[in-house]
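Enquirer: Input file: protein.txt. Contents: compact mmCIF, N, CA and C atoms.
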# COMPACT_ATOMS: atom_id res chain seq x y z
N PRO V 69 101.04 186.18 79.11
CA PRO V 69 101.61 184.86 79.28
C PRO V 69 100.89 183.84 78.41
N ILE V 70 101.64 182.92 77.86
CA ILE V 70 101.06 181.86 77.04
C ILE V 70 100.79 180.68 77.95
N LEU V 71 99.57 180.17 77.86
CA LEU V 71 99.19 179.03 78.69
C LEU V 71 99.61 177.74 78.01
N ALA V 72 100.00 176.79 78.80
CA ALA V 72 100.40 175.48 78.27
C ALA V 72 99.16 174.73 77.81
N PRO V 73 99.26 174.01 76.69
CA PRO V 73 98.09 173.25 76.22
C PRO V 73 97.84 172.06 77.14
N ALA V 74 96.60 171.65 77.19
CA ALA V 74 96.23 170.49 78.00
C ALA V 74 96.39 169.23 77.16
N LEU V 75 96.98 168.22 77.74
CA LEU V 75 97.19 166.95 77.05
C LEU V 75 96.23 165.93 77.64
N VAL V 76 95.43 165.30 76.80
CA VAL V 76 94.50 164.30 77.27
C VAL V 76 95.11 162.93 77.00
N ALA V 77 95.22 162.13 78.05
CA ALA V 77 95.79 160.79 77.92
C ALA V 77 94.86 159.79 78.55
N ARG V 78 94.71 158.65 77.91
CA ARG V 78 93.87 157.60 78.45
C ARG V 78 94.77 156.42 78.80
N SER V 79 94.66 156.01 80.03
CA SER V 79 95.40 154.85 80.50
C SER V 79 94.70 153.61 79.98
N VAL V 80 95.44 152.51 79.82
CA VAL V 80 94.85 151.28 79.32
C VAL V 80 93.77 150.78 80.28
N GLU V 81 94.05 150.88 81.56
CA GLU V 81 93.09 150.35 82.52
C GLU V 81 92.35 151.44 83.29
N GLY V 82 92.90 152.67 83.30
CA GLY V 82 92.34 153.70 84.17
C GLY V 82 91.46 154.69 83.43
N PRO V 83 90.99 155.68 84.14
CA PRO V 83 90.11 156.69 83.54
C PRO V 83 90.92 157.70 82.73
N ILE V 84 90.21 158.59 82.04
CA ILE V 84 90.85 159.64 81.25
C ILE V 84 91.41 160.67 82.22
N THR V 85 92.67 161.11 81.96
CA THR V 85 93.29 162.11 82.82
C THR V 85 93.77 163.27 81.97
N THR V 86 93.88 164.44 82.54
CA THR V 86 94.43 165.59 81.81
C THR V 86 95.68 166.03 82.54
N THR V 87 96.67 166.41 81.77
CA THR V 87 97.93 166.86 82.32
C THR V 87 98.30 168.17 81.64
N LYS V 88 98.73 169.16 82.39
CA LYS V 88 99.15 170.43 81.80
C LYS V 88 100.64 170.34 81.52
N LEU V 89 101.01 170.71 80.31
CA LEU V 89 102.41 170.73 79.94
C LEU V 89 102.96 172.11 80.21
N SER V 90 104.18 172.19 80.67
CA SER V 90 104.79 173.50 80.87
C SER V 90 105.92 173.65 79.87
N TYR V 91 106.15 174.86 79.44
CA TYR V 91 107.23 175.13 78.50
C TYR V 91 108.55 175.17 79.25
N PRO V 92 109.67 174.79 78.58
CA PRO V 92 110.97 174.79 79.25
C PRO V 92 111.44 176.22 79.53
N PRO V 93 112.35 176.38 80.46
CA PRO V 93 112.89 177.71 80.76
C PRO V 93 113.60 178.30 79.55
N LEU V 94 113.80 179.59 79.57
CA LEU V 94 114.42 180.29 78.43
C LEU V 94 115.84 179.82 78.17
N ARG V 95 116.65 179.54 79.21
CA ARG V 95 118.03 179.08 79.01
C ARG V 95 118.04 177.77 78.22
N GLU V 96 117.13 176.89 78.61
CA GLU V 96 117.05 175.59 77.93
C GLU V 96 116.65 175.77 76.48
N MET V 97 115.72 176.69 76.21
CA MET V 97 115.30 176.95 74.82
C MET V 97 116.46 177.52 74.02
N ALA V 98 117.24 178.39 74.63
CA ALA V 98 118.38 179.00 73.93
C ALA V 98 119.41 177.93 73.61
N SER V 99 119.67 177.04 74.57
CA SER V 99 120.67 175.99 74.32
C SER V 99 120.18 175.03 73.23
N ARG V 100 118.89 174.81 73.18
CA ARG V 100 118.35 173.94 72.11
C ARG V 100 118.51 174.60 70.75
N ARG V 101 118.33 175.91 70.68
CA ARG V 101 118.49 176.64 69.40
C ARG V 101 119.94 176.56 68.94
N VAL V 102 120.87 176.72 69.87
CA VAL V 102 122.29 176.64 69.51
C VAL V 102 122.61 175.23 69.02
N LEU V 103 122.09 174.22 69.71
CA LEU V 103 122.33 172.83 69.31
C LEU V 103 121.76 172.55 67.93
N LEU V 104 120.55 173.05 67.67
CA LEU V 104 119.96 172.87 66.34
C LEU V 104 120.77 173.58 65.28
N GLY V 105 121.30 174.73 65.62
CA GLY V 105 122.14 175.46 64.67
C GLY V 105 123.40 174.68 64.36
N LEU V 106 124.02 174.08 65.38
CA LEU V 106 125.23 173.29 65.15
C LEU V 106 124.94 172.04 64.34
N LEU V 107 123.76 171.46 64.56
CA LEU V 107 123.39 170.29 63.77
C LEU V 107 123.09 170.65 62.33
N ALA V 108 122.66 171.86 62.10
CA ALA V 108 122.33 172.29 60.75
C ALA V 108 123.57 172.63 59.96
N LEU V 109 124.70 172.94 60.61
CA LEU V 109 125.93 173.31 59.91
C LEU V 109 126.41 172.22 58.95
N PRO V 110 126.46 170.94 59.37
CA PRO V 110 126.91 169.92 58.41
C PRO V 110 125.97 169.81 57.21
N ALA V 111 124.69 170.07 57.42
CA ALA V 111 123.76 170.01 56.29
C ALA V 111 124.02 171.15 55.32
N ALA V 112 124.44 172.32 55.87
CA ALA V 112 124.71 173.46 55.00
C ALA V 112 126.01 173.25 54.24
N ALA V 113 126.95 172.57 54.82
CA ALA V 113 128.24 172.36 54.19
C ALA V 113 128.28 170.99 53.55
N VAL V 114 127.42 170.75 52.59
CA VAL V 114 127.33 169.44 51.95
C VAL V 114 128.59 169.12 51.17
N GLY V 115 129.23 170.10 50.61
CA GLY V 115 130.40 169.87 49.76
C GLY V 115 131.66 169.60 50.54
N THR V 116 131.69 169.81 51.85
CA THR V 116 132.90 169.61 52.63
C THR V 116 133.00 168.16 53.09
N VAL V 117 134.24 167.73 53.36
CA VAL V 117 134.48 166.37 53.81
C VAL V 117 134.57 166.38 55.33
N SER V 118 133.93 165.42 55.97
CA SER V 118 133.92 165.34 57.42
C SER V 118 135.23 164.75 57.92
N SER V 119 135.69 165.25 59.06
CA SER V 119 136.91 164.72 59.65
C SER V 119 136.60 163.58 60.61
N LEU V 120 135.32 163.30 60.83
CA LEU V 120 134.94 162.20 61.71
C LEU V 120 135.02 160.89 60.95
N THR V 121 135.68 159.90 61.56
CA THR V 121 135.77 158.57 60.95
C THR V 121 135.42 157.54 61.99
N PHE V 122 135.07 156.36 61.51
CA PHE V 122 134.74 155.26 62.40
C PHE V 122 135.87 154.26 62.34
N ASP V 123 136.51 154.05 63.45
CA ASP V 123 137.64 153.14 63.54
C ASP V 123 137.13 151.79 64.05
N VAL V 124 137.13 150.79 63.17
CA VAL V 124 136.61 149.46 63.51
C VAL V 124 137.47 148.80 64.59
N ALA V 125 138.78 148.93 64.48
CA ALA V 125 139.68 148.31 65.47
C ALA V 125 139.46 148.92 66.85
N ALA V 126 139.28 150.25 66.90
CA ALA V 126 139.04 150.90 68.19
C ALA V 126 137.70 150.48 68.75
N ALA V 127 136.70 150.29 67.90
CA ALA V 127 135.38 149.86 68.36
C ALA V 127 135.44 148.46 68.96
N LYS V 128 136.30 147.61 68.42
CA LYS V 128 136.43 146.25 68.96
C LYS V 128 137.13 146.25 70.32
N ASN V 129 137.95 147.27 70.59
CA ASN V 129 138.70 147.32 71.84
C ASN V 129 137.95 148.04 72.96
N ARG V 130 136.79 148.55 72.69
CA ARG V 130 136.02 149.22 73.74
C ARG V 130 135.56 148.18 74.77
N PRO V 131 135.49 148.59 76.02
CA PRO V 131 135.06 147.64 77.07
C PRO V 131 133.68 147.06 76.82
N VAL V 132 132.75 147.88 76.34
CA VAL V 132 131.40 147.39 76.08
C VAL V 132 131.43 146.34 74.98
N SER V 133 132.24 146.60 73.95
CA SER V 133 132.35 145.62 72.86
C SER V 133 132.94 144.31 73.36
N LYS V 134 133.92 144.43 74.26
CA LYS V 134 134.52 143.21 74.81
C LYS V 134 133.50 142.42 75.61
N VAL V 135 132.68 143.13 76.39
CA VAL V 135 131.66 142.45 77.19
C VAL V 135 130.64 141.79 76.27
N ILE V 136 130.24 142.49 75.22
CA ILE V 136 129.26 141.92 74.28
C ILE V 136 129.84 140.68 73.62
N THR V 137 131.10 140.76 73.20
CA THR V 137 131.75 139.61 72.58
C THR V 137 131.84 138.45 73.57
N LEU V 138 132.19 138.76 74.81
CA LEU V 138 132.27 137.73 75.84
C LEU V 138 130.91 137.07 76.06
N LEU V 139 129.87 137.87 76.11
CA LEU V 139 128.52 137.33 76.30
C LEU V 139 128.10 136.46 75.12
N LYS V 140 128.44 136.88 73.92
CA LYS V 140 128.11 136.07 72.73
C LYS V 140 128.85 134.74 72.77
N ASP V 141 130.14 134.78 73.16
CA ASP V 141 130.91 133.54 73.27
C ASP V 141 130.33 132.62 74.34
N MET V 142 129.93 133.23 75.46
CA MET V 142 129.33 132.43 76.53
C MET V 142 128.02 131.80 76.05
N MET V 143 127.24 132.53 75.27
CA MET V 143 125.97 132.00 74.75
C MET V 143 126.24 130.80 73.84
N LYS V 144 127.24 130.93 72.96
CA LYS V 144 127.58 129.81 72.08
C LYS V 144 128.01 128.59 72.90
N GLN V 145 128.85 128.84 73.92
CA GLN V 145 129.32 127.75 74.77
C GLN V 145 128.15 127.09 75.50
N LEU V 146 127.24 127.90 76.02
CA LEU V 146 126.07 127.35 76.72
C LEU V 146 125.19 126.52 75.79
N GLU V 147 125.01 126.99 74.55
CA GLU V 147 124.21 126.22 73.60
C GLU V 147 124.88 124.89 73.29
N LYS V 148 126.22 124.92 73.13
CA LYS V 148 126.96 123.69 72.85
C LYS V 148 126.83 122.72 74.03
N GLU V 149 127.00 123.23 75.25
CA GLU V 149 126.88 122.38 76.43
C GLU V 149 125.46 121.86 76.60
N ALA V 150 124.47 122.67 76.24
CA ALA V 150 123.08 122.22 76.34
C ALA V 150 122.83 121.05 75.40
N GLU V 151 123.38 121.12 74.19
CA GLU V 151 123.23 120.00 73.24
C GLU V 151 123.90 118.74 73.79
N GLU V 152 125.11 118.90 74.34
CA GLU V 152 125.82 117.75 74.90
C GLU V 152 125.05 117.17 76.09
N ASP V 153 124.54 118.05 76.93
CA ASP V 153 123.76 117.59 78.08
C ASP V 153 122.50 116.87 77.64
N GLU V 154 121.88 117.35 76.57
CA GLU V 154 120.67 116.70 76.08
C GLU V 154 120.98 115.29 75.57
N GLU V 155 122.11 115.14 74.87
CA GLU V 155 122.52 113.82 74.39
C GLU V 155 122.78 112.88 75.57
N ILE V 156 123.48 113.37 76.57
CA ILE V 156 123.78 112.55 77.74
C ILE V 156 122.49 112.20 78.47
N TYR V 157 121.58 113.16 78.58
CA TYR V 157 120.30 112.90 79.24
C TYR V 157 119.52 111.82 78.49
N ASP V 158 119.50 111.90 77.16
CA ASP V 158 118.79 110.88 76.37
C ASP V 158 119.38 109.50 76.61
N LYS V 159 120.72 109.42 76.65
CA LYS V 159 121.36 108.12 76.89
C LYS V 159 121.03 107.62 78.30
N MET V 160 121.12 108.50 79.28
CA MET V 160 120.83 108.10 80.66
C MET V 160 119.36 107.71 80.83
N ALA V 161 118.46 108.44 80.18
CA ALA V 161 117.04 108.12 80.29
C ALA V 161 116.77 106.75 79.70
N CYS V 162 117.39 106.46 78.55
CA CYS V 162 117.22 105.15 77.92
C CYS V 162 117.79 104.06 78.83
N TRP V 163 118.99 104.31 79.39
CA TRP V 163 119.61 103.33 80.28
C TRP V 163 118.72 103.11 81.50
N CYS V 164 118.19 104.20 82.05
CA CYS V 164 117.36 104.09 83.26
C CYS V 164 116.09 103.28 82.97
N GLU V 165 115.46 103.54 81.83
CA GLU V 165 114.24 102.79 81.50
C GLU V 165 114.55 101.31 81.32
N THR V 166 115.61 101.02 80.55
CA THR V 166 116.00 99.63 80.31
C THR V 166 116.39 98.96 81.63
N ASN V 167 117.22 99.64 82.40
CA ASN V 167 117.70 99.09 83.67
C ASN V 167 116.53 98.90 84.63
N ASP V 168 115.60 99.82 84.66
CA ASP V 168 114.44 99.71 85.55
C ASP V 168 113.62 98.47 85.19
N ARG V 169 113.39 98.27 83.90
CA ARG V 169 112.62 97.08 83.48
C ARG V 169 113.34 95.80 83.89
N GLU V 170 114.66 95.76 83.62
CA GLU V 170 115.43 94.56 83.95
C GLU V 170 115.45 94.31 85.46
N LYS V 171 115.68 95.34 86.23
CA LYS V 171 115.74 95.18 87.69
C LYS V 171 114.38 94.81 88.28
N THR V 172 113.32 95.40 87.76
CA THR V 172 111.98 95.07 88.24
C THR V 172 111.68 93.61 87.98
N LYS V 173 112.03 93.12 86.79
CA LYS V 173 111.81 91.71 86.44
C LYS V 173 112.68 90.82 87.33
N SER V 174 113.93 91.22 87.52
CA SER V 174 114.85 90.44 88.35
C SER V 174 114.34 90.36 89.80
N ILE V 175 113.84 91.46 90.32
CA ILE V 175 113.30 91.46 91.70
C ILE V 175 112.09 90.55 91.80
N ALA V 176 111.19 90.62 90.81
CA ALA V 176 110.00 89.77 90.83
C ALA V 176 110.39 88.30 90.76
N ASP V 177 111.37 87.97 89.91
CA ASP V 177 111.84 86.59 89.80
C ASP V 177 112.46 86.12 91.13
N ALA V 178 113.26 86.99 91.75
CA ALA V 178 113.91 86.62 93.01
C ALA V 178 112.88 86.42 94.13
N GLU V 179 111.86 87.27 94.18
CA GLU V 179 110.82 87.11 95.20
C GLU V 179 110.05 85.80 95.00
N ALA V 180 109.77 85.44 93.73
CA ALA V 180 109.10 84.17 93.46
C ALA V 180 110.00 83.00 93.88
N ARG V 181 111.30 83.12 93.62
CA ARG V 181 112.23 82.07 94.00
C ARG V 181 112.30 81.93 95.53
N VAL V 182 112.29 83.08 96.24
CA VAL V 182 112.32 83.04 97.70
C VAL V 182 111.09 82.29 98.23
N LYS V 183 109.93 82.56 97.66
CA LYS V 183 108.70 81.86 98.09
C LYS V 183 108.82 80.37 97.84
N ASP V 184 109.32 80.01 96.64
CA ASP V 184 109.48 78.59 96.31
C ASP V 184 110.46 77.90 97.27
N LEU V 185 111.57 78.58 97.54
CA LEU V 185 112.57 77.97 98.42
C LEU V 185 112.06 77.88 99.86
N THR V 186 111.27 78.87 100.30
CA THR V 186 110.70 78.81 101.65
C THR V 186 109.76 77.60 101.76
N THR V 187 108.95 77.39 100.75
CA THR V 187 108.04 76.24 100.73
C THR V 187 108.84 74.94 100.73
N LYS V 188 109.89 74.88 99.93
CA LYS V 188 110.73 73.68 99.84
C LYS V 188 111.40 73.40 101.19
N ILE V 189 111.87 74.46 101.86
CA ILE V 189 112.51 74.28 103.18
C ILE V 189 111.51 73.70 104.17
N GLU V 190 110.29 74.22 104.17
CA GLU V 190 109.25 73.71 105.09
C GLU V 190 108.96 72.24 104.80
N GLU V 191 108.85 71.89 103.52
CA GLU V 191 108.59 70.50 103.15
C GLU V 191 109.73 69.59 103.61
N LEU V 192 110.96 70.02 103.34
CA LEU V 192 112.11 69.19 103.71
C LEU V 192 112.29 69.10 105.23
N THR V 193 111.92 70.15 105.96
CA THR V 193 111.98 70.12 107.42
C THR V 193 110.98 69.09 107.96
N ALA V 194 109.79 69.09 107.38
CA ALA V 194 108.77 68.11 107.80
C ALA V 194 109.25 66.69 107.47
N LEU V 195 109.82 66.52 106.28
CA LEU V 195 110.32 65.20 105.88
C LEU V 195 111.45 64.76 106.80
N SER V 196 112.33 65.69 107.17
CA SER V 196 113.44 65.37 108.07
C SER V 196 112.91 64.92 109.43
N ALA V 197 111.91 65.62 109.93
CA ALA V 197 111.31 65.23 111.22
C ALA V 197 110.69 63.85 111.11
N GLN V 198 109.99 63.61 110.01
CA GLN V 198 109.35 62.29 109.82
C GLN V 198 110.41 61.20 109.74
N LEU V 199 111.47 61.43 108.98
CA LEU V 199 112.52 60.42 108.86
C LEU V 199 113.26 60.22 110.19
N GLY V 200 113.44 61.31 110.94
CA GLY V 200 114.07 61.19 112.27
C GLY V 200 113.24 60.31 113.18
N THR V 201 111.92 60.48 113.13
CA THR V 201 111.03 59.64 113.94
C THR V 201 111.12 58.19 113.49
N GLU V 202 111.15 57.93 112.18
CA GLU V 202 111.23 56.56 111.65
C GLU V 202 112.55 55.91 112.07
N ILE V 203 113.63 56.70 112.04
CA ILE V 203 114.94 56.16 112.44
C ILE V 203 114.90 55.73 113.90
N LYS V 204 114.34 56.54 114.76
CA LYS V 204 114.25 56.19 116.19
C LYS V 204 113.41 54.92 116.38
N ASN V 205 112.30 54.83 115.67
CA ASN V 205 111.44 53.64 115.78
C ASN V 205 112.17 52.40 115.29
N LEU V 206 112.89 52.54 114.19
CA LEU V 206 113.62 51.40 113.65
C LEU V 206 114.77 50.99 114.58
N GLU V 207 115.43 51.96 115.22
CA GLU V 207 116.50 51.62 116.16
C GLU V 207 115.94 50.87 117.36
N LYS V 208 114.74 51.29 117.83
CA LYS V 208 114.10 50.59 118.94
C LYS V 208 113.77 49.14 118.51
N GLU V 209 113.27 49.01 117.33
CA GLU V 209 112.89 47.69 116.83
C GLU V 209 114.12 46.79 116.69
N VAL V 210 115.22 47.35 116.16
CA VAL V 210 116.44 46.58 116.02
C VAL V 210 116.95 46.18 117.41
N ALA V 211 116.91 47.06 118.36
CA ALA V 211 117.38 46.75 119.71
C ALA V 211 116.49 45.69 120.33
N LYS V 212 115.21 45.71 120.05
CA LYS V 212 114.30 44.69 120.58
C LYS V 212 114.56 43.31 119.95
N ASN V 213 114.92 43.33 118.70
CA ASN V 213 115.13 42.07 117.98
C ASN V 213 116.51 41.46 118.32
N GLN V 214 117.36 42.02 118.93
CA GLN V 214 118.68 41.43 119.18
C GLN V 214 118.72 40.69 120.41
As structure tokens, please, write out the structure in this file.
Expert:
Amino acid sequence: PILAPALVARSVEGPITTTKLSYPPLREMASRRVLLGLLALPAAAVGTVSSLTFDVAAAKNRPVSKVITLLKDMMKQLEKEAEEDEEIYDKMACWCETNDREKTKSIADAEARVKDLTTKIEELTALSAQLGTEIKNLEKEVAKNQ
């Protein structure tokens, strides 16, 4: 019996291991010889013309080819949509930045105006109370003088 040679293999991370290779069964070896013989026939018959042809139209109609074509078309469509989305995003980002600045300034201005108006209301309320008191005093004085 012929012993199988030992194969030494080193893993990238692991230790060195040895594995024994076994030869294939005789049936498998015989079928390989027949296959090699059939493959050698076209090489022996160099002067003959092959009856095998490649049909481009049939290759385009194969299901796998259709799927590949569909995937390529989808990829083109996705790239086109990505470019459009990027343009829209750039416009929206610019609008958001501009709008944010404007709204922040507008809010700050409105809050300052609210403070000013609150102060003005308090001043005018005090003035109204003072004038109301003066009116009552003057009415008393007028009533006394008549």
Enquirer: Calculate how many Å separate atom N of Gly200 of chain V from atom CA of Leu185 of chain V, rounding to one decimal.
Expert: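 Interatomic distance, atom N of Gly200 of chain V to atom CA of Leu185 of chain V: 20.9 Å.
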Enquirer: What does the structure give for the distance between atom CA of Asp158 of chain V and atom N of Asp141 of chain V, in Å to one decimal?
Expert: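 Computing it gives 26.7 Å between the two atoms.
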Enquirer: Between atom C of Lys188 of chain V and atom C of Thr172 of chain V, measure the distance and give it in Å to one decimal.
Expert: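 Computing it gives 24.1 Å between the two atoms.
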